[in-house]
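Chemist: My structure is below; once you've seen it, I'll send some questions.
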Amino acid sequence: MEIRVEKIRKEFDLYPALHDVSLDIKSGELIALLGPSGSGKTTLLRLIAGLEQPTQGRIFFGNEDASYKSVRERNVGFVFQHYALFRHMTVAENVAFGLTVRPKAQRPPKAEIRRRALELLDMVQLSGLEKRFPNQLSGGQRQRVALARAMAIEPKVLLLDEPFGALDAKVRKELRRWLREFHDRTGHTTVFVTHDQEEALELADRVVVMSQGKIEQVGSSDDVYDRPNSPFVFSFIGESANLPVTVEGGAVFFHGAPTGLSAQRDGAARLFFRPQDVSLADEGPGFTGPVTASRRLAGTRIAEVELGSSEEPCHVEIEVPLDAAASNGSVLSFRPTRWKLFY
Amino acid sequence: MSSRAFKNPISESAPVRLTLIFIVLAFLALFVLTPLLIVFKEAFGKGSGEYVAALQEPDAVSAIRLTLLVAAIAVPANLLFGVAASWAIAKFEFRGKAFLITLIDLPFSVSPVISGLVYVLLFGANSFLGPFLKSYGIQVVFAVPGIVLATIFVTFPFVARELIPLMQDQGTGDEEAAISLGANGWQAFWYVTLPNIKWALLYGVLLCNARAMGEFGAVSVVSGHIRGLTNTMPLHVEILYNDYNVVGAFGVASLLALLALLTLVLRTILETRYGSELSAGQKH
Ligand SMILES: Nc1ncnc2c1ncn2[C@@H]1O[C@H](COP(=O)(O)OP(=O)(O)OP(=O)(O)O)[C@@H](O)[C@H]1O
Ligand SMILES: [Mg+2]
């Protein structure tokens with residue numbers, strides 16, 4: 001099922017939570033909505049599900065305009081951030097709920113419903129726990145019950161709001177891999193919300209980076225990491241340093257000194273680069289400054305270098321080889337090898 | 001570990017504790033237990049034969065009937081009202097919500113006598129509505145409808161007060177989940193909301209019922225005290241007592257006392273077994 005979000009605007013009490021958001025989701029894709037808290041991820045997901053009405057704009061499911069279809073008609077599986085399991089029902093009853101509430105004509109017989117529920121529990125590796133109540137399960141188990149429950153209605157689209165948010169790192173990793181396999185096996189169009197970039201980059205086919213109610217960039221992990229299209233994406237994803245520079249006559253200057261970098265357009269700009277994308281340069285132009293701190297990070301060393309004038313110093317972190325002389329106070333000179341300017 | 005026992009930082013020393021407990025027990029004995037015992041002592045003062053006879057006397061039977069009838073109307077009415085009001089308040093956003101909550105509390109802050117008087121002014125012989133209804137043969141004041149109305153008014157906060165904080169705390173997540181799984185509004189209410197609130201609802205109904213059967217002030221104003229017709233049990237007790245019919249008065253009173261005891265026992269059971277599902281703040 002393809003989903004097309006067209007120029008969606010959503011206001012809560014006149015305050016826009018989303019403005020002019022458009023997004024195309026391909027059938028069978030696994031998409032991550034990534035962004036800081038309050039950027040509108042949950043709102044977008046709820047709009048797709050139909051739990052919220054857009055103020056403006058439309059949402060298409062396939063070729064059908066689904067904007068004014070109710071949640072029930074959209075047939076989406078929604079997994080809530082806090083699972084929202086029914087506490088007075090057993091695990092099996094929770095999973096079977098979507099089938100139990102079907103109109104009589106479409107409802108499978110009792111035995112069939114039970115068989116399907118057990119099958120789904122088997123699929124999420126929870127066989128044997130069907131008689132438990134939600135408060136007798138661990139967080140990861142509840143998460144999987146919520147997923148099985150959403151799958152029971154055979155949705156065409158699966159929407160997950162921070163599915164692993166409340167779990168510890170190890171369980172998160174396991175479930176992440178499990179979700180990926182699950183998605184590949186079932187082929188559902190899946191959209192999940194996360195504010196964990198590692199999760200988004202590792203799991204998703206494409207990542208939607210959001211900020212302040214807008215989509216900043218949509219692309220593969222490589223796209224958003226290697227080719228960020230805005231200062232926000234550059235600094236939000238991965239480690240990065242940025243410095244104020246000016247471009248004059250095709251050359252980039254920092255605090256009046258040539259940096260050895262060249263650019264097309266003149267003017268004031270910000271230079272972005274990643275800590276690992278630098279090379280030490282003992283001679284020629286570059287960035288030079290004293291090391292103010294350094295720490296060992298697995299196979300490399302991270303050095304914090306102070307650049308600029310002493311009145312308004314800029315601190316950047318760069319990766320240096322272990323054998324480089326980068327103790328506190330020693331002076332380092334480096335040049336970014338991969339970098340980007342934002343005017 | 002030192003050999004001295006651990007001292008709980010918020011507990012008091014033993015003498016203070018014992019004194020406090022003693023004061024509370026003495027207080028309870030004096031003001032709760034003694035009156036209760038006296039009710040039963042007086043009721044059986046002339047033997048159980050007289051006691052049974054007093055309860056079978058036609059006016060007493062009629063008072064018991066009327067009380068049951070009034071409760072049978074007022075309690076379900078307030079059950080519906082309470083669920084509807086707390087549903088609206090907890091699950092929807094609308095203007096004037098705070099005002100509505102205050103309004104629900106009104107019967108708690110108004111003297112029951114005033115509530116009764118309001119109905120007399122509204123439906124009495126000299127009011128606007130009274131003669132109008134009377135022309136259709138409907139008598140409200142000094143008749144059963146007035147008693148029912150006054151009782152509903154006095155008891156309507158009980159269910160709503162019990163449910164509002166619980167439902168506000170539970171939020172709309174479970175209902176959203178139910179609807180996203182294909183349930184319609186009624187199914188979401190029946191399979192999800194109701195089970196989530198059932199014990200609190202029962203608790204509220206229990207309190208509502210106890211008050212509906214025991215209400216004196218408001219009912220007294222609208223009833224007119226017509227023996228055998230518009231006397232509820234509490235009113236009947238007063239009349240008998242004023243007639244110096246001690247066995248009769250305390251006999252009927254003993255039934256009300258039993259109702260109170262039953263309510264107390266059920267409340268205790270609910271609170272100990274389902275305490276966490278009665279109050280807000282529970283997590284699962
Ligand atoms: N029901 C609501 N009423 C009013 N404002 C809301 C409502 N829901 C969301 N908002 C606002 O909309 C903005 C986006 O919220 P949203 O929940 O989509 O953020 P999010 O990206 O999911 O954040 P988080 O990572 O913290 O969950 C926020 O500023 C929030 O305050
Ligand atoms: Mg959110």
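Residues are referred to by chain and number: the chain letter is A, B, ... according to the order shown in the structure tokens, the number counts from 1 in that chain, and ligands are numbered separately from 1 in the order shown.
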Do you know which residues are within 10 Å of ligand 2 using only C-alpha atoms and all ligand atoms? Can you write them as a PyMOL selection string?
Modeler: chain A and resi 35-46+80-81+161-162+193-195
Chemist: As an MDAnalysis selection string, please: all residues of region 112-306 of chain A that backbone DSSP puts in strand (DSSP E or B).
Modeler: chainID A and resid 157:161 189:194 206:211 214:219 241:248 251:254 257:262 267:273 278:280 287:297 300:306
Chemist: Take the residues just selected and output them with C-alpha atoms as a CSV table (one decimal), in the first residue's frame.
Modeler:
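Contents of the output file result-v7.csv:
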chain,number,residue,atom,x,y,z
A,157,VAL,CA,0.0,-0.5,6.8
A,158,LEU,CA,1.8,-0.8,10.1
A,159,LEU,CA,2.5,2.4,12.2
A,160,LEU,CA,4.7,2.3,15.3
A,161,ASP,CA,5.2,5.1,17.7
A,189,THR,CA,4.4,-0.8,4.5
A,190,THR,CA,5.8,0.2,7.9
A,191,VAL,CA,6.3,3.7,9.4
A,192,PHE,CA,8.0,4.0,12.8
A,193,VAL,CA,8.8,7.0,14.9
A,194,THR,CA,12.0,7.2,16.8
A,206,ARG,CA,14.5,5.7,4.2
A,207,VAL,CA,14.7,8.2,7.0
A,208,VAL,CA,12.5,11.2,7.3
A,209,VAL,CA,14.3,13.9,9.3
A,210,MET,CA,11.8,16.3,11.0
A,211,SER,CA,12.3,19.5,12.8
A,214,LYS,CA,8.7,20.4,9.0
A,215,ILE,CA,10.4,17.7,7.0
A,216,GLU,CA,14.0,18.6,6.7
A,217,GLN,CA,15.2,15.7,4.5
A,218,VAL,CA,14.0,12.4,3.2
A,219,GLY,CA,16.6,9.8,2.1
A,241,ALA,CA,31.6,20.5,13.9
A,242,ASN,CA,30.7,23.8,12.4
A,243,LEU,CA,32.6,27.1,12.0
A,244,PRO,CA,31.7,30.6,10.7
A,245,VAL,CA,33.7,31.3,7.5
A,246,THR,CA,33.7,33.7,4.6
A,247,VAL,CA,34.2,32.9,1.0
A,248,GLU,CA,36.0,35.4,-1.2
A,251,ALA,CA,38.6,30.7,-1.4
A,252,VAL,CA,37.3,30.0,2.1
A,253,PHE,CA,38.7,32.1,4.9
A,254,PHE,CA,38.4,31.5,8.6
A,257,ALA,CA,43.2,33.3,7.3
A,258,PRO,CA,43.0,31.1,4.3
A,259,THR,CA,41.9,27.5,5.0
A,260,GLY,CA,43.0,25.9,1.8
A,261,LEU,CA,39.4,25.1,0.9
A,262,SER,CA,37.7,26.5,-2.1
A,267,GLY,CA,29.7,35.4,1.1
A,268,ALA,CA,29.4,34.5,4.8
A,269,ALA,CA,28.7,30.8,5.5
A,270,ARG,CA,29.0,28.1,8.0
A,271,LEU,CA,31.4,25.3,7.3
A,272,PHE,CA,30.2,21.8,8.5
A,273,PHE,CA,32.4,18.7,8.7
A,278,VAL,CA,39.8,15.6,8.5
A,279,SER,CA,43.5,15.1,7.8
A,280,LEU,CA,46.3,16.6,9.8
A,287,PHE,CA,42.9,25.3,10.8
A,288,THR,CA,45.4,25.7,13.5
A,289,GLY,CA,44.9,25.8,17.3
A,290,PRO,CA,45.9,24.4,20.6
A,291,VAL,CA,44.4,21.1,21.9
A,292,THR,CA,42.2,21.9,25.0
A,293,ALA,CA,41.1,18.3,25.7
A,294,SER,CA,41.6,14.9,24.3
A,295,ARG,CA,40.1,11.5,24.9
A,296,ARG,CA,40.6,8.0,23.7
A,297,LEU,CA,37.7,6.5,21.8
A,300,THR,CA,41.1,6.5,17.7
A,301,ARG,CA,41.6,9.7,19.7
A,302,ILE,CA,39.2,12.6,19.8
A,303,ALA,CA,40.9,16.0,20.2
A,304,GLU,CA,39.1,19.2,21.1
A,305,VAL,CA,40.8,22.1,19.3
A,306,GLU,CA,40.4,25.7,20.1
Chemist: Give me, as a ChimeraX atom specification, the contact residues of chain B against chain A at a cut-off of 10 Å, counting only C-alpha atoms.
Modeler: /B:172-184,187-188,191-193,195-196,283-284
Chemist: Would you please work out which residue, of A:Asp196, A:Glu112, A:Asp122, A:Glu6, is nearest to ligand 1 when using only C-alpha atoms and all ligand atoms?
Modeler: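 Checking each of A:Asp196, A:Glu112, A:Asp122, A:Glu6 against ligand 1, counting only C-alpha atoms and all ligand atoms, the winner is A:Asp196.
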Chemist: Report the distance between CA of Tyr119 (chain B) and CA of Leu149 (chain B) in Å, rounded to one decimal place.
Modeler: 8.0 Å
Chemist: Set out as a Markdown table a contact list for chain B and ligand 1 with a cut-off of 12 Å, giving each residue of chain B that qualifies its closest atom pair and distance in Å to one decimal, counting only C-alpha atoms and all ligand atoms, ordered by chain and rising residue number.
Modeler:
| residue | atom | partner | partner_atom_place_in_ligand_line | distance |
| --- | --- | --- | --- | --- |
| B:Lys91 | CA | ligand 1 | 1 (N) | 11.8 |
| B:Phe92 | CA | ligand 1 | 1 (N) | 10.8 |
| B:Glu93 | CA | ligand 1 | 1 (N) | 9.6 |
| B:Gly171 | CA | ligand 1 | 1 (N) | 11.9 |
| B:Thr172 | CA | ligand 1 | 1 (N) | 11.3 |
Chemist: Using only C-alpha atoms, determine which residues lie at most 10 Å from region 258-273 of chain B, disregarding the query and same-chain residues fewer than 6 positions distant; provide the list as a list of chain:residue names.
Modeler: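 Everything that qualifies: B:Leu36, B:Phe40, B:Trp199, B:Ala200, B:Leu202, B:Tyr203, B:Gly204, B:Leu206, B:Leu207, B:Asn209, B:Ala210, B:Arg211, B:Met213, B:Gly214, B:Ser279.
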Chemist: In Å, rounded to a single decimal, give me how far CA of Ala326 (chain A) is from CA of Gln276 (chain A).
Modeler: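 Calculated distance between CA of Gln276 (chain A) and CA of Ala326 (chain A) is 15.1 Å.
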Chemist: Give me the residues of region 89-189 of chain A that have any atom at most 9 Å from an atom of region 25-34 of chain A; for each, the nearest atom pair and the distance in Å, rounded to one decimal. Use only C-alpha atoms, sort by chain and number, and format it as a tab-separated table.
Modeler:
residue	atom	partner	partner_atom	distance
A:Val157	CA	A:Gly28	CA	8.7
A:Arg180	CA	A:Leu30	CA	8.4
A:His183	CA	A:Leu30	CA	7.5
A:Asp184	CA	A:Gly28	CA	8.5
A:Thr186	CA	A:Gly28	CA	8.8
A:Gly187	CA	A:Gly28	CA	5.1
A:His188	CA	A:Gly28	CA	5.0
A:Thr189	CA	A:Gly28	CA	4.1
Chemist: Skip Leu66 (chain B) itself and residues of its chain fewer than 2 positions away, then list as an NGL selection string all residues within 10 Å of it, counting only C-alpha atoms.
Modeler: :B and (60-64 or 68-72 or 144 or 147-148 or 213 or 228-233)
Chemist: Can I get the selection written as a PDB file, in the first residue's frame, with N, CA, C and O atoms?
Modeler:
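Final output, selection.pdb:
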ATOM      1  N   ALA B  60     -45.130   1.266  57.837  1.00  0.00           N
ATOM      2  CA  ALA B  60     -43.706   0.936  57.751  1.00  0.00           C
ATOM      3  C   ALA B  60     -43.416   0.243  56.426  1.00  0.00           C
ATOM      4  O   ALA B  60     -42.448   0.578  55.725  1.00  0.00           O
ATOM      5  N   VAL B  61     -44.288  -0.711  56.076  1.00  0.00           N
ATOM      6  CA  VAL B  61     -44.093  -1.429  54.814  1.00  0.00           C
ATOM      7  C   VAL B  61     -44.112  -0.445  53.644  1.00  0.00           C
ATOM      8  O   VAL B  61     -43.270  -0.495  52.736  1.00  0.00           O
ATOM      9  N   SER B  62     -45.070   0.496  53.709  1.00  0.00           N
ATOM     10  CA  SER B  62     -45.160   1.466  52.626  1.00  0.00           C
ATOM     11  C   SER B  62     -43.917   2.354  52.553  1.00  0.00           C
ATOM     12  O   SER B  62     -43.435   2.679  51.466  1.00  0.00           O
ATOM     13  N   ALA B  63     -43.386   2.723  53.737  1.00  0.00           N
ATOM     14  CA  ALA B  63     -42.169   3.541  53.745  1.00  0.00           C
ATOM     15  C   ALA B  63     -40.995   2.783  53.144  1.00  0.00           C
ATOM     16  O   ALA B  63     -40.200   3.336  52.368  1.00  0.00           O
ATOM     17  N   ILE B  64     -40.892   1.491  53.509  1.00  0.00           N
ATOM     18  CA  ILE B  64     -39.796   0.682  52.962  1.00  0.00           C
ATOM     19  C   ILE B  64     -39.936   0.574  51.442  1.00  0.00           C
ATOM     20  O   ILE B  64     -38.962   0.759  50.696  1.00  0.00           O
ATOM     21  N   LEU B  68     -37.291   1.948  48.601  1.00  0.00           N
ATOM     22  CA  LEU B  68     -36.705   1.073  47.578  1.00  0.00           C
ATOM     23  C   LEU B  68     -37.016   1.600  46.179  1.00  0.00           C
ATOM     24  O   LEU B  68     -36.153   1.611  45.297  1.00  0.00           O
ATOM     25  N   LEU B  69     -38.237   2.073  45.997  1.00  0.00           N
ATOM     26  CA  LEU B  69     -38.628   2.600  44.695  1.00  0.00           C
ATOM     27  C   LEU B  69     -37.777   3.807  44.317  1.00  0.00           C
ATOM     28  O   LEU B  69     -37.258   3.908  43.192  1.00  0.00           O
ATOM     29  N   VAL B  70     -37.656   4.733  45.283  1.00  0.00           N
ATOM     30  CA  VAL B  70     -36.876   5.943  45.017  1.00  0.00           C
ATOM     31  C   VAL B  70     -35.442   5.588  44.662  1.00  0.00           C
ATOM     32  O   VAL B  70     -34.875   6.078  43.676  1.00  0.00           O
ATOM     33  N   ALA B  71     -34.850   4.675  45.439  1.00  0.00           N
ATOM     34  CA  ALA B  71     -33.467   4.274  45.153  1.00  0.00           C
ATOM     35  C   ALA B  71     -33.387   3.585  43.797  1.00  0.00           C
ATOM     36  O   ALA B  71     -32.434   3.788  43.035  1.00  0.00           O
ATOM     37  N   ALA B  72     -34.419   2.781  43.481  1.00  0.00           N
ATOM     38  CA  ALA B  72     -34.401   2.041  42.215  1.00  0.00           C
ATOM     39  C   ALA B  72     -34.472   2.976  41.020  1.00  0.00           C
ATOM     40  O   ALA B  72     -34.053   2.617  39.921  1.00  0.00           O
ATOM     41  N   VAL B 144     -44.545  11.411  45.045  1.00  0.00           N
ATOM     42  CA  VAL B 144     -43.361  10.594  44.752  1.00  0.00           C
ATOM     43  C   VAL B 144     -42.399  11.263  43.757  1.00  0.00           C
ATOM     44  O   VAL B 144     -41.178  11.263  43.982  1.00  0.00           O
ATOM     45  N   ILE B 147     -40.019  13.539  45.485  1.00  0.00           N
ATOM     46  CA  ILE B 147     -39.051  12.818  46.315  1.00  0.00           C
ATOM     47  C   ILE B 147     -37.942  12.239  45.439  1.00  0.00           C
ATOM     48  O   ILE B 147     -36.754  12.324  45.763  1.00  0.00           O
ATOM     49  N   VAL B 148     -38.337  11.682  44.299  1.00  0.00           N
ATOM     50  CA  VAL B 148     -37.333  11.119  43.396  1.00  0.00           C
ATOM     51  C   VAL B 148     -36.392  12.214  42.891  1.00  0.00           C
ATOM     52  O   VAL B 148     -35.163  12.073  42.907  1.00  0.00           O
ATOM     53  N   MET B 213     -31.014   6.102  49.966  1.00  0.00           N
ATOM     54  CA  MET B 213     -31.952   5.499  50.916  1.00  0.00           C
ATOM     55  C   MET B 213     -31.974   6.254  52.235  1.00  0.00           C
ATOM     56  O   MET B 213     -32.976   6.234  52.957  1.00  0.00           O
ATOM     57  N   GLY B 228     -48.067   6.548  54.831  1.00  0.00           N
ATOM     58  CA  GLY B 228     -48.484   5.496  53.919  1.00  0.00           C
ATOM     59  C   GLY B 228     -48.354   5.881  52.458  1.00  0.00           C
ATOM     60  O   GLY B 228     -48.568   5.070  51.574  1.00  0.00           O
ATOM     61  N   LEU B 229     -48.062   7.164  52.189  1.00  0.00           N
ATOM     62  CA  LEU B 229     -47.967   7.582  50.795  1.00  0.00           C
ATOM     63  C   LEU B 229     -46.619   8.192  50.442  1.00  0.00           C
ATOM     64  O   LEU B 229     -45.952   7.760  49.502  1.00  0.00           O
ATOM     65  N   THR B 230     -46.225   9.242  51.171  1.00  0.00           N
ATOM     66  CA  THR B 230     -45.000   9.949  50.784  1.00  0.00           C
ATOM     67  C   THR B 230     -43.934   9.916  51.869  1.00  0.00           C
ATOM     68  O   THR B 230     -43.025  10.741  51.869  1.00  0.00           O
ATOM     69  N   ASN B 231     -43.995   8.966  52.752  1.00  0.00           N
ATOM     70  CA  ASN B 231     -42.948   8.848  53.761  1.00  0.00           C
ATOM     71  C   ASN B 231     -41.917   7.812  53.354  1.00  0.00           C
ATOM     72  O   ASN B 231     -42.247   6.670  53.099  1.00  0.00           O
ATOM     73  N   THR B 232     -40.669   8.246  53.304  1.00  0.00           N
ATOM     74  CA  THR B 232     -39.599   7.270  53.104  1.00  0.00           C
ATOM     75  C   THR B 232     -39.171   6.772  54.481  1.00  0.00           C
ATOM     76  O   THR B 232     -39.650   7.262  55.501  1.00  0.00           O
ATOM     77  N   MET B 233     -38.264   5.842  54.514  1.00  0.00           N
ATOM     78  CA  MET B 233     -37.872   5.265  55.799  1.00  0.00           C
ATOM     79  C   MET B 233     -37.348   6.309  56.785  1.00  0.00           C
ATOM     80  O   MET B 233     -37.797   6.348  57.937  1.00  0.00           O
TER      81      MET B 233
END
Chemist: Assign secondary structure with DSSP using the backbone only, and return the residues of region 109-189 of chain B in helix (DSSP H, G or I) as a PyMOL selection string.
Modeler: chain B and resi 109+112-123+129-134+144-155+157-170+173-180+185-189
Chemist: Fewer than 5 positions away in the same chain doesn't count, so skip those; otherwise give me all residues within 12 Å of Tyr15 (chain A), counting only C-alpha atoms, as an NGL selection string.
Modeler: :A and (9-10 or 40 or 55 or 212-213)
Chemist: Residues near region 249-252 of chain B, anyone? I mean within 10 Å using only C-alpha atoms, not counting same-chain ones fewer than 2 positions away, as JSON, numbers by chain.
Modeler: {"B": [38, 39, 40, 41, 42, 43, 44, 45, 48, 50, 51, 52, 53, 54, 55, 60, 61, 63, 64, 233, 234, 235, 236, 237, 238, 239, 240, 241, 242, 243, 244, 245, 246, 247, 254, 255, 256, 257]}
Chemist: Skip Lys198 (chain B) itself and residues of its chain fewer than 6 positions away, then list as a PyMOL selection string all residues within 10 Å of it, counting only C-alpha atoms.
Modeler: chain B and resi 163+204+277-278
Chemist: For those residues, write all heavy atoms to a file as an mmCIF file, in the first residue's frame.
Modeler:
data_model
loop_
_atom_site.group_PDB
_atom_site.id
_atom_site.type_symbol
_atom_site.label_atom_id
_atom_site.label_comp_id
_atom_site.auth_asym_id
_atom_site.auth_seq_id
_atom_site.Cartn_x
_atom_site.Cartn_y
_atom_site.Cartn_z
ATOM 1 N N LEU B 163 -15.630 8.489 39.327
ATOM 2 C CA LEU B 163 -15.115 8.115 38.007
ATOM 3 C C LEU B 163 -14.195 9.159 37.367
ATOM 4 O O LEU B 163 -13.249 8.806 36.680
ATOM 5 C CB LEU B 163 -16.283 7.834 37.049
ATOM 6 C CG LEU B 163 -17.147 6.631 37.388
ATOM 7 C CD1 LEU B 163 -18.165 6.406 36.280
ATOM 8 C CD2 LEU B 163 -16.298 5.381 37.572
ATOM 9 N N GLY B 204 -18.952 3.770 43.491
ATOM 10 C CA GLY B 204 -19.766 4.978 43.430
ATOM 11 C C GLY B 204 -21.247 4.666 43.589
ATOM 12 O O GLY B 204 -21.976 5.366 44.298
ATOM 13 N N GLU B 277 -7.432 -0.184 41.484
ATOM 14 C CA GLU B 277 -8.282 0.120 40.332
ATOM 15 C C GLU B 277 -9.355 1.145 40.662
ATOM 16 O O GLU B 277 -10.128 1.543 39.800
ATOM 17 C CB GLU B 277 -8.955 -1.156 39.813
ATOM 18 C CG GLU B 277 -7.978 -2.098 39.151
ATOM 19 C CD GLU B 277 -8.676 -3.294 38.539
ATOM 20 O OE1 GLU B 277 -9.678 -3.111 37.855
ATOM 21 O OE2 GLU B 277 -8.200 -4.416 38.772
ATOM 22 N N LEU B 278 -9.414 1.539 41.946
ATOM 23 C CA LEU B 278 -10.437 2.506 42.331
ATOM 24 C C LEU B 278 -9.940 3.923 42.194
ATOM 25 O O LEU B 278 -10.681 4.832 41.884
ATOM 26 C CB LEU B 278 -10.855 2.284 43.785
ATOM 27 C CG LEU B 278 -11.709 1.058 44.056
ATOM 28 C CD1 LEU B 278 -12.000 0.946 45.530
ATOM 29 C CD2 LEU B 278 -12.985 1.135 43.258
#
Chemist: Quick one: distance from CA of Pro107 (chain B) to CA of Val219 (chain B) in Å, one decimal?
Modeler: 13.5 Å
Chemist: Using only C-alpha atoms for the distances, tell me which of A:Gly299, A:Gly57, A:Pro109, A:Gly139 is nearest to Pro163 (chain A).
Modeler: A:Gly139
